[in-house]
Each structure stands twice: as C-alpha cells, then as structure tokens.
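In what follows, a single structure is set out as structure tokens and then discussed.
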Amino acid sequence: MNKLLLTITAVLMFSSCLFKRDRDKETRADAFAKIEMMEADRRFSKMSEEKGMKAAFIEYLDSNGVLLRPGRLPIAGADAVDFLIQQNDADYTMTWEPRNGVIAKSGELGYTYGIYALRPSAKDTVIYGTYVSIWKKEKGGTWKYVLDSGNEGIGDNGPE
C-alpha cells in the first residue's frame, strides 16, 4: 500500500512539474509575441515618418482590415485601401508610440494603444491624440492591423 501511495505521489509531483514547465513556455511565447507585435507597431510609425502616412497605412493593413474614422461609417477591406489612396499626406507627418499592448494566448491576435503626434509642415504646432490598433499575425509571421482607430486631443501639454 505504501508503494502505491508513493508511486501516486511521485506521478502527481512529476506531472505538476511538467504542467508548470508548459505554462512557463506559454508565458515566454506570449511575451515574445507581444514584443513582436509592439515592434511591428513601431516599424509602422517609422515607415509613416519616412515614407508618409498613406504608404505606411496601406503597407500594414490586413486585406480585411477596418478603419474607424470620425464622422464616417467603418471602412473595410478594399474600401479602406481606396480611402487611404485618396488621402493627401504631403502637408503633415504622423508618428506614434505604443504605450502598451495585450496579446491573446494563441500569440496570433492582440492590440496596441498609445499616443500619436501629427505635425503639419507649415506650422510649428503638434497635434496629439490617442489610438488603438488591433493586430493579427499573418501565416508568414508578419503582423498586420485588422482595426485602427484614433481620437484627437489629449490636453494642452502633449504626452506625459
């Protein structure tokens, strides 16, 4: 009887160690996926600064992506691309910095949020706002946004 109890105890202890190791792997994988997604958002901003907002938004948009813009119904997929193509971004530069993000346990979907800065070319002002982007990891491992929305204004002093 003691052998049986000892065997059951050993099996339970061993299986709990394996479960903890699997949970730790998931945690590391989640953290890595979050870092990848946050870096995709930073590269997205860098491309907007270097090549223009229009080029960046088209490049990072998922084929079924949705744009939420003030005063408009949601714009999705090919309509979103058409909307972006029509935008004139020659008179301003737009950049942003993600403040944080959350990743799904699958590591394939998440969101970032942060503060954007819109700098008109002809003025010495900067217009700040907040944004949220929902991201999806594509089959090839690249991240594309599937939903993007922003709100103008965060106060007179800009980001803290």
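Ligands are numbered from 1 in the order shown, chains are lettered A, B, ... in the order of the structure tokens, and residues start at 1 in each chain.
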Selection: 7 Å around Gly65 in chain A, only C-alpha atoms, excl. self and same-chain fewer than 6 positions, as a list in words:
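Here the qualifying residues turn out to be Ala76, Gly77, Tyr145, Val146 and Leu147 of chain A.
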Grab the CA of Thr112 in chain A to CA of Ala90 in chain A distance for me, in Å with one decimal place.
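So the two atoms, CA of Thr112 in chain A and CA of Ala90 in chain A, lie 26.3 Å apart.
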According to DSSP computed on the backbone, where in chain A is there strand (DSSP E or B)? Give the residues as a PDB file with N, CA and C atoms, in the first residue's frame.
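Produced file states_10.pdb, reproduced below:
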ATOM      1  N   LEU A  61      -1.914  47.353 -43.465  1.00  0.00           N
ATOM      2  CA  LEU A  61      -3.328  46.990 -43.403  1.00  0.00           C
ATOM      3  C   LEU A  61      -3.544  45.542 -43.831  1.00  0.00           C
ATOM      4  N   ASP A  62      -4.248  44.778 -43.018  1.00  0.00           N
ATOM      5  CA  ASP A  62      -4.669  43.431 -43.377  1.00  0.00           C
ATOM      6  C   ASP A  62      -5.676  43.531 -44.527  1.00  0.00           C
ATOM      7  N   SER A  63      -5.757  42.523 -45.372  1.00  0.00           N
ATOM      8  CA  SER A  63      -6.659  42.584 -46.531  1.00  0.00           C
ATOM      9  C   SER A  63      -8.119  42.787 -46.130  1.00  0.00           C
ATOM     10  N   ASN A  64      -8.486  42.414 -44.920  1.00  0.00           N
ATOM     11  CA  ASN A  64      -9.850  42.629 -44.425  1.00  0.00           C
ATOM     12  C   ASN A  64      -9.890  43.692 -43.334  1.00  0.00           C
ATOM     13  N   GLY A  65      -8.828  44.490 -43.244  1.00  0.00           N
ATOM     14  CA  GLY A  65      -8.709  45.484 -42.185  1.00  0.00           C
ATOM     15  C   GLY A  65      -9.803  46.537 -42.214  1.00  0.00           C
ATOM     16  N   VAL A  66     -10.052  47.114 -41.034  1.00  0.00           N
ATOM     17  CA  VAL A  66     -11.110  48.109 -40.860  1.00  0.00           C
ATOM     18  C   VAL A  66     -10.511  49.389 -40.287  1.00  0.00           C
ATOM     19  N   LEU A  67     -10.918  50.516 -40.861  1.00  0.00           N
ATOM     20  CA  LEU A  67     -10.549  51.830 -40.340  1.00  0.00           C
ATOM     21  C   LEU A  67     -11.782  52.457 -39.695  1.00  0.00           C
ATOM     22  N   LEU A  68     -11.629  52.974 -38.498  1.00  0.00           N
ATOM     23  CA  LEU A  68     -12.684  53.738 -37.845  1.00  0.00           C
ATOM     24  C   LEU A  68     -12.225  55.182 -37.833  1.00  0.00           C
ATOM     25  N   ILE A  75     -14.785  51.621 -42.434  1.00  0.00           N
ATOM     26  CA  ILE A  75     -14.309  51.411 -43.807  1.00  0.00           C
ATOM     27  C   ILE A  75     -13.473  50.137 -43.793  1.00  0.00           C
ATOM     28  N   ALA A  76     -13.854  49.143 -44.593  1.00  0.00           N
ATOM     29  CA  ALA A  76     -13.215  47.829 -44.501  1.00  0.00           C
ATOM     30  C   ALA A  76     -12.656  47.354 -45.840  1.00  0.00           C
ATOM     31  N   TYR A  92       1.766  66.997 -43.883  1.00  0.00           N
ATOM     32  CA  TYR A  92       1.963  66.672 -42.464  1.00  0.00           C
ATOM     33  C   TYR A  92       2.758  65.372 -42.321  1.00  0.00           C
ATOM     34  N   THR A  93       3.267  65.181 -41.134  1.00  0.00           N
ATOM     35  CA  THR A  93       3.939  63.942 -40.757  1.00  0.00           C
ATOM     36  C   THR A  93       3.219  63.390 -39.542  1.00  0.00           C
ATOM     37  N   MET A  94       2.972  62.094 -39.549  1.00  0.00           N
ATOM     38  CA  MET A  94       2.296  61.453 -38.425  1.00  0.00           C
ATOM     39  C   MET A  94       3.177  60.337 -37.885  1.00  0.00           C
ATOM     40  N   THR A  95       3.413  60.373 -36.575  1.00  0.00           N
ATOM     41  CA  THR A  95       4.154  59.318 -35.887  1.00  0.00           C
ATOM     42  C   THR A  95       3.391  58.944 -34.625  1.00  0.00           C
ATOM     43  N   TRP A  96       3.757  57.836 -34.038  1.00  0.00           N
ATOM     44  CA  TRP A  96       3.112  57.403 -32.800  1.00  0.00           C
ATOM     45  C   TRP A  96       4.039  56.470 -32.060  1.00  0.00           C
ATOM     46  N   GLU A  97       3.711  56.240 -30.815  1.00  0.00           N
ATOM     47  CA  GLU A  97       4.485  55.340 -29.966  1.00  0.00           C
ATOM     48  C   GLU A  97       3.509  54.510 -29.138  1.00  0.00           C
ATOM     49  N   PRO A  98       3.581  53.191 -29.282  1.00  0.00           N
ATOM     50  CA  PRO A  98       2.697  52.367 -28.454  1.00  0.00           C
ATOM     51  C   PRO A  98       3.089  52.466 -26.981  1.00  0.00           C
ATOM     52  N   ARG A  99       2.102  52.650 -26.128  1.00  0.00           N
ATOM     53  CA  ARG A  99       2.327  52.687 -24.684  1.00  0.00           C
ATOM     54  C   ARG A  99       2.296  51.296 -24.078  1.00  0.00           C
ATOM     55  N   ASN A 100       1.444  50.441 -24.668  1.00  0.00           N
ATOM     56  CA  ASN A 100       1.322  49.080 -24.160  1.00  0.00           C
ATOM     57  C   ASN A 100       0.558  48.253 -25.185  1.00  0.00           C
ATOM     58  N   GLY A 101       0.443  46.988 -24.909  1.00  0.00           N
ATOM     59  CA  GLY A 101      -0.302  46.084 -25.762  1.00  0.00           C
ATOM     60  C   GLY A 101      -0.657  44.833 -24.999  1.00  0.00           C
ATOM     61  N   VAL A 102      -1.575  44.080 -25.543  1.00  0.00           N
ATOM     62  CA  VAL A 102      -2.004  42.818 -24.951  1.00  0.00           C
ATOM     63  C   VAL A 102      -2.073  41.802 -26.075  1.00  0.00           C
ATOM     64  N   ILE A 103      -1.640  40.593 -25.781  1.00  0.00           N
ATOM     65  CA  ILE A 103      -1.601  39.546 -26.791  1.00  0.00           C
ATOM     66  C   ILE A 103      -2.500  38.389 -26.351  1.00  0.00           C
ATOM     67  N   LEU A 109      -3.123  37.249 -32.173  1.00  0.00           N
ATOM     68  CA  LEU A 109      -4.009  38.398 -32.184  1.00  0.00           C
ATOM     69  C   LEU A 109      -3.715  39.225 -30.943  1.00  0.00           C
ATOM     70  N   GLY A 110      -3.753  40.535 -31.107  1.00  0.00           N
ATOM     71  CA  GLY A 110      -3.521  41.402 -29.961  1.00  0.00           C
ATOM     72  C   GLY A 110      -3.839  42.835 -30.315  1.00  0.00           C
ATOM     73  N   TYR A 111      -3.611  43.713 -29.358  1.00  0.00           N
ATOM     74  CA  TYR A 111      -3.826  45.127 -29.636  1.00  0.00           C
ATOM     75  C   TYR A 111      -2.731  45.962 -28.993  1.00  0.00           C
ATOM     76  N   THR A 112      -2.503  47.125 -29.595  1.00  0.00           N
ATOM     77  CA  THR A 112      -1.597  48.118 -29.033  1.00  0.00           C
ATOM     78  C   THR A 112      -2.377  49.420 -28.907  1.00  0.00           C
ATOM     79  N   TYR A 113      -1.928  50.247 -27.977  1.00  0.00           N
ATOM     80  CA  TYR A 113      -2.517  51.574 -27.853  1.00  0.00           C
ATOM     81  C   TYR A 113      -1.425  52.545 -27.447  1.00  0.00           C
ATOM     82  N   GLY A 114      -1.651  53.804 -27.769  1.00  0.00           N
ATOM     83  CA  GLY A 114      -0.636  54.793 -27.431  1.00  0.00           C
ATOM     84  C   GLY A 114      -1.036  56.189 -27.844  1.00  0.00           C
ATOM     85  N   ILE A 115      -0.025  57.004 -28.082  1.00  0.00           N
ATOM     86  CA  ILE A 115      -0.215  58.413 -28.406  1.00  0.00           C
ATOM     87  C   ILE A 115       0.398  58.690 -29.772  1.00  0.00           C
ATOM     88  N   TYR A 116      -0.355  59.428 -30.589  1.00  0.00           N
ATOM     89  CA  TYR A 116       0.184  59.830 -31.884  1.00  0.00           C
ATOM     90  C   TYR A 116       0.460  61.323 -31.879  1.00  0.00           C
ATOM     91  N   ALA A 117       1.334  61.735 -32.797  1.00  0.00           N
ATOM     92  CA  ALA A 117       1.664  63.148 -32.990  1.00  0.00           C
ATOM     93  C   ALA A 117       1.522  63.467 -34.468  1.00  0.00           C
ATOM     94  N   LEU A 118       0.744  64.487 -34.762  1.00  0.00           N
ATOM     95  CA  LEU A 118       0.526  64.956 -36.119  1.00  0.00           C
ATOM     96  C   LEU A 118       1.203  66.315 -36.239  1.00  0.00           C
ATOM     97  N   ARG A 119       2.173  66.390 -37.155  1.00  0.00           N
ATOM     98  CA  ARG A 119       2.963  67.619 -37.319  1.00  0.00           C
ATOM     99  C   ARG A 119       2.702  68.223 -38.695  1.00  0.00           C
ATOM    100  N   PRO A 120       1.872  69.287 -38.743  1.00  0.00           N
ATOM    101  CA  PRO A 120       1.672  69.970 -40.027  1.00  0.00           C
ATOM    102  C   PRO A 120       2.978  70.608 -40.501  1.00  0.00           C
ATOM    103  N   ILE A 127      -0.128  68.282 -33.006  1.00  0.00           N
ATOM    104  CA  ILE A 127      -1.449  67.865 -32.560  1.00  0.00           C
ATOM    105  C   ILE A 127      -1.325  66.434 -32.053  1.00  0.00           C
ATOM    106  N   TYR A 128      -1.680  66.224 -30.792  1.00  0.00           N
ATOM    107  CA  TYR A 128      -1.576  64.901 -30.183  1.00  0.00           C
ATOM    108  C   TYR A 128      -2.947  64.244 -30.100  1.00  0.00           C
ATOM    109  N   GLY A 129      -2.934  62.934 -30.079  1.00  0.00           N
ATOM    110  CA  GLY A 129      -4.151  62.161 -29.894  1.00  0.00           C
ATOM    111  C   GLY A 129      -3.807  60.765 -29.416  1.00  0.00           C
ATOM    112  N   THR A 130      -4.819  59.966 -29.219  1.00  0.00           N
ATOM    113  CA  THR A 130      -4.629  58.585 -28.788  1.00  0.00           C
ATOM    114  C   THR A 130      -5.103  57.645 -29.887  1.00  0.00           C
ATOM    115  N   TYR A 131      -4.608  56.429 -29.862  1.00  0.00           N
ATOM    116  CA  TYR A 131      -5.004  55.447 -30.877  1.00  0.00           C
ATOM    117  C   TYR A 131      -5.042  54.054 -30.275  1.00  0.00           C
ATOM    118  N   VAL A 132      -5.721  53.174 -30.969  1.00  0.00           N
ATOM    119  CA  VAL A 132      -5.694  51.746 -30.677  1.00  0.00           C
ATOM    120  C   VAL A 132      -5.661  51.015 -32.017  1.00  0.00           C
ATOM    121  N   SER A 133      -4.833  49.991 -32.094  1.00  0.00           N
ATOM    122  CA  SER A 133      -4.759  49.136 -33.285  1.00  0.00           C
ATOM    123  C   SER A 133      -4.883  47.691 -32.841  1.00  0.00           C
ATOM    124  N   ILE A 134      -5.699  46.939 -33.537  1.00  0.00           N
ATOM    125  CA  ILE A 134      -5.809  45.501 -33.296  1.00  0.00           C
ATOM    126  C   ILE A 134      -5.001  44.815 -34.386  1.00  0.00           C
ATOM    127  N   TRP A 135      -4.122  43.907 -33.966  1.00  0.00           N
ATOM    128  CA  TRP A 135      -3.160  43.269 -34.858  1.00  0.00           C
ATOM    129  C   TRP A 135      -3.433  41.775 -34.998  1.00  0.00           C
ATOM    130  N   LYS A 136      -3.106  41.251 -36.182  1.00  0.00           N
ATOM    131  CA  LYS A 136      -3.203  39.818 -36.455  1.00  0.00           C
ATOM    132  C   LYS A 136      -1.884  39.361 -37.060  1.00  0.00           C
ATOM    133  N   LYS A 137      -1.399  38.237 -36.576  1.00  0.00           N
ATOM    134  CA  LYS A 137      -0.170  37.666 -37.122  1.00  0.00           C
ATOM    135  C   LYS A 137      -0.521  36.845 -38.358  1.00  0.00           C
ATOM    136  N   TRP A 143       3.049  40.948 -38.928  1.00  0.00           N
ATOM    137  CA  TRP A 143       1.882  41.482 -38.239  1.00  0.00           C
ATOM    138  C   TRP A 143       1.210  42.537 -39.114  1.00  0.00           C
ATOM    139  N   LYS A 144      -0.111  42.459 -39.231  1.00  0.00           N
ATOM    140  CA  LYS A 144      -0.917  43.440 -39.959  1.00  0.00           C
ATOM    141  C   LYS A 144      -2.033  43.901 -39.015  1.00  0.00           C
ATOM    142  N   TYR A 145      -2.397  45.173 -39.133  1.00  0.00           N
ATOM    143  CA  TYR A 145      -3.502  45.619 -38.293  1.00  0.00           C
ATOM    144  C   TYR A 145      -4.825  45.270 -38.971  1.00  0.00           C
ATOM    145  N   VAL A 146      -5.779  44.840 -38.158  1.00  0.00           N
ATOM    146  CA  VAL A 146      -7.103  44.486 -38.660  1.00  0.00           C
ATOM    147  C   VAL A 146      -8.142  45.531 -38.265  1.00  0.00           C
ATOM    148  N   LEU A 147      -7.779  46.429 -37.348  1.00  0.00           N
ATOM    149  CA  LEU A 147      -8.659  47.529 -36.973  1.00  0.00           C
ATOM    150  C   LEU A 147      -7.793  48.656 -36.435  1.00  0.00           C
ATOM    151  N   ASP A 148      -8.082  49.873 -36.891  1.00  0.00           N
ATOM    152  CA  ASP A 148      -7.339  51.036 -36.416  1.00  0.00           C
ATOM    153  C   ASP A 148      -8.325  52.160 -36.123  1.00  0.00           C
ATOM    154  N   SER A 149      -8.116  52.813 -34.984  1.00  0.00           N
ATOM    155  CA  SER A 149      -8.953  53.947 -34.615  1.00  0.00           C
ATOM    156  C   SER A 149      -8.129  54.922 -33.784  1.00  0.00           C
ATOM    157  N   GLY A 150      -8.492  56.189 -33.879  1.00  0.00           N
ATOM    158  CA  GLY A 150      -7.794  57.203 -33.099  1.00  0.00           C
ATOM    159  C   GLY A 150      -8.735  58.313 -32.668  1.00  0.00           C
ATOM    160  N   ASN A 151      -8.322  59.029 -31.638  1.00  0.00           N
ATOM    161  CA  ASN A 151      -9.086  60.163 -31.115  1.00  0.00           C
ATOM    162  C   ASN A 151      -8.163  61.357 -30.994  1.00  0.00           C
ATOM    163  N   GLU A 152      -8.609  62.482 -31.494  1.00  0.00           N
ATOM    164  CA  GLU A 152      -7.810  63.705 -31.400  1.00  0.00           C
ATOM    165  C   GLU A 152      -7.818  64.212 -29.956  1.00  0.00           C
TER     166      GLU A 152
END
I'd like the neighbourhood of Met47 in chain A as a PyMOL selection string, where a residue qualifies if any of its atoms comes within 12 Å (using only C-alpha atoms), though same-chain residues fewer than 4 positions away should be ignored.
chain A and resi 40-43+51-60+93-96
How would the residues just picked look written out with C-alpha atoms as a CSV table (one decimal), in the first residue's frame?
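Once everything was written out, this is out.csv:
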chain,number,residue,atom,x,y,z
A,40,ALA,CA,5.6,46.0,-35.7
A,41,ASP,CA,3.7,49.0,-34.4
A,42,ARG,CA,6.9,50.9,-34.0
A,43,ARG,CA,8.1,50.0,-37.5
A,51,LYS,CA,7.5,57.3,-46.5
A,52,GLY,CA,4.3,59.0,-45.5
A,53,MET,CA,1.2,58.0,-43.6
A,54,LYS,CA,-0.6,56.8,-46.7
A,55,ALA,CA,2.2,54.3,-47.7
A,56,ALA,CA,2.5,53.0,-44.1
A,57,PHE,CA,-1.2,52.5,-43.6
A,58,ILE,CA,-1.6,50.7,-46.9
A,59,GLU,CA,1.5,48.5,-46.2
A,60,TYR,CA,0.4,47.4,-42.7
A,93,THR,CA,3.9,63.9,-40.8
A,94,MET,CA,2.3,61.5,-38.4
A,95,THR,CA,4.2,59.3,-35.9
A,96,TRP,CA,3.1,57.4,-32.8
Could you check how far CA of Ala104 in chain A sits from CA of Asp30 in chain A, in Å to one decimal?
7.6 Å
Just list the residues in range 21-126 of chain A DSSP gives helix (DSSP H, G or I) on the backbone, as a PyMOL selection string.
chain A and resi 21-51+53-60+77-85
Resulting file, chosen residues, N, CA and C atoms, as a compact mmCIF listing (two decimals), in the first residue's frame:
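Saved the output as selection16.txt:
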# COMPACT_ATOMS: atom_id res chain seq x y z
N ARG A 21 6.16 23.73 -16.34
CA ARG A 21 7.09 23.99 -17.42
C ARG A 21 6.33 24.40 -18.69
N ASP A 22 5.19 23.72 -18.99
CA ASP A 22 4.38 24.10 -20.15
C ASP A 22 3.80 25.50 -19.98
N ARG A 23 3.35 25.84 -18.76
CA ARG A 23 2.80 27.16 -18.51
C ARG A 23 3.88 28.22 -18.67
N ASP A 24 5.12 27.94 -18.23
CA ASP A 24 6.23 28.87 -18.39
C ASP A 24 6.55 29.08 -19.87
N LYS A 25 6.49 28.01 -20.67
CA LYS A 25 6.73 28.14 -22.10
C LYS A 25 5.68 29.04 -22.73
N GLU A 26 4.41 28.86 -22.34
CA GLU A 26 3.34 29.71 -22.86
C GLU A 26 3.59 31.16 -22.49
N THR A 27 4.02 31.40 -21.27
CA THR A 27 4.27 32.76 -20.82
C THR A 27 5.39 33.39 -21.62
N ARG A 28 6.47 32.65 -21.87
CA ARG A 28 7.57 33.17 -22.68
C ARG A 28 7.12 33.40 -24.12
N ALA A 29 6.33 32.48 -24.66
CA ALA A 29 5.83 32.64 -26.03
C ALA A 29 4.92 33.85 -26.12
N ASP A 30 4.06 34.05 -25.12
CA ASP A 30 3.18 35.22 -25.11
C ASP A 30 3.99 36.50 -25.05
N ALA A 31 5.00 36.52 -24.22
CA ALA A 31 5.84 37.72 -24.08
C ALA A 31 6.57 38.00 -25.39
N PHE A 32 7.08 36.98 -26.04
CA PHE A 32 7.78 37.17 -27.31
C PHE A 32 6.83 37.69 -28.38
N ALA A 33 5.61 37.12 -28.45
CA ALA A 33 4.62 37.57 -29.43
C ALA A 33 4.25 39.02 -29.17
N LYS A 34 4.11 39.40 -27.92
CA LYS A 34 3.78 40.79 -27.59
C LYS A 34 4.91 41.72 -28.04
N ILE A 35 6.15 41.34 -27.81
CA ILE A 35 7.30 42.15 -28.24
C ILE A 35 7.29 42.30 -29.75
N GLU A 36 7.04 41.20 -30.48
CA GLU A 36 6.98 41.26 -31.95
C GLU A 36 5.89 42.22 -32.41
N MET A 37 4.72 42.14 -31.79
CA MET A 37 3.60 43.00 -32.17
C MET A 37 3.91 44.47 -31.88
N MET A 38 4.48 44.75 -30.71
CA MET A 38 4.83 46.13 -30.35
C MET A 38 5.88 46.67 -31.33
N GLU A 39 6.84 45.85 -31.71
CA GLU A 39 7.86 46.27 -32.67
C GLU A 39 7.26 46.52 -34.05
N ALA A 40 6.26 45.71 -34.44
CA ALA A 40 5.57 45.95 -35.72
C ALA A 40 4.90 47.33 -35.68
N ASP A 41 4.29 47.69 -34.55
CA ASP A 41 3.65 49.00 -34.42
C ASP A 41 4.70 50.12 -34.53
N ARG A 42 5.87 49.92 -33.93
CA ARG A 42 6.94 50.93 -34.02
C ARG A 42 7.48 51.05 -35.45
N ARG A 43 7.64 49.92 -36.14
CA ARG A 43 8.08 49.97 -37.55
C ARG A 43 7.04 50.67 -38.42
N PHE A 44 5.78 50.42 -38.12
CA PHE A 44 4.66 51.07 -38.81
C PHE A 44 4.79 52.59 -38.67
N SER A 45 5.04 53.07 -37.46
CA SER A 45 5.22 54.51 -37.23
C SER A 45 6.44 55.04 -37.95
N LYS A 46 7.53 54.30 -37.91
CA LYS A 46 8.77 54.72 -38.58
C LYS A 46 8.54 54.85 -40.09
N MET A 47 7.81 53.91 -40.68
CA MET A 47 7.51 53.99 -42.11
C MET A 47 6.64 55.20 -42.40
N SER A 48 5.70 55.50 -41.52
CA SER A 48 4.85 56.68 -41.69
C SER A 48 5.70 57.95 -41.71
N GLU A 49 6.68 58.00 -40.84
CA GLU A 49 7.56 59.17 -40.77
C GLU A 49 8.43 59.28 -42.03
N GLU A 50 8.96 58.15 -42.49
CA GLU A 50 9.90 58.16 -43.60
C GLU A 50 9.25 58.19 -44.99
N LYS A 51 8.14 57.47 -45.16
CA LYS A 51 7.53 57.34 -46.49
C LYS A 51 6.14 57.95 -46.58
N MET A 53 2.27 58.76 -44.23
CA MET A 53 1.21 58.03 -43.56
C MET A 53 0.46 57.10 -44.51
N LYS A 54 0.15 57.57 -45.69
CA LYS A 54 -0.62 56.78 -46.65
C LYS A 54 0.11 55.47 -46.98
N ALA A 55 1.38 55.54 -47.33
CA ALA A 55 2.16 54.35 -47.68
C ALA A 55 2.22 53.36 -46.51
N ALA A 56 2.42 53.88 -45.31
CA ALA A 56 2.52 53.02 -44.13
C ALA A 56 1.19 52.33 -43.83
N PHE A 57 0.10 53.10 -43.87
CA PHE A 57 -1.20 52.52 -43.55
C PHE A 57 -1.60 51.46 -44.58
N ILE A 58 -1.27 51.68 -45.83
CA ILE A 58 -1.58 50.67 -46.85
C ILE A 58 -0.71 49.43 -46.66
N GLU A 59 0.57 49.62 -46.37
CA GLU A 59 1.50 48.50 -46.19
C GLU A 59 1.11 47.59 -45.02
N TYR A 60 0.69 48.17 -43.91
CA TYR A 60 0.42 47.39 -42.70
C TYR A 60 -1.04 46.95 -42.56
N GLY A 77 -11.61 46.51 -45.73
CA GLY A 77 -11.05 45.80 -46.89
C GLY A 77 -10.62 46.72 -48.02
N ALA A 78 -11.09 46.42 -49.22
CA ALA A 78 -10.72 47.19 -50.41
C ALA A 78 -11.18 48.64 -50.30
N ASP A 79 -12.32 48.87 -49.64
CA ASP A 79 -12.79 50.25 -49.43
C ASP A 79 -11.82 51.03 -48.56
N ALA A 80 -11.21 50.35 -47.59
CA ALA A 80 -10.22 51.01 -46.73
C ALA A 80 -8.99 51.40 -47.54
N VAL A 81 -8.55 50.52 -48.42
CA VAL A 81 -7.41 50.82 -49.29
C VAL A 81 -7.75 52.00 -50.19
N ASP A 82 -8.93 51.98 -50.80
CA ASP A 82 -9.36 53.10 -51.66
C ASP A 82 -9.38 54.41 -50.88
N PHE A 83 -9.91 54.37 -49.65
CA PHE A 83 -9.95 55.56 -48.81
C PHE A 83 -8.54 56.08 -48.55
N LEU A 84 -7.62 55.20 -48.22
CA LEU A 84 -6.24 55.60 -47.93
C LEU A 84 -5.55 56.17 -49.16
N ILE A 85 -5.78 55.57 -50.32
CA ILE A 85 -5.17 56.05 -51.56
C ILE A 85 -5.57 57.49 -51.84
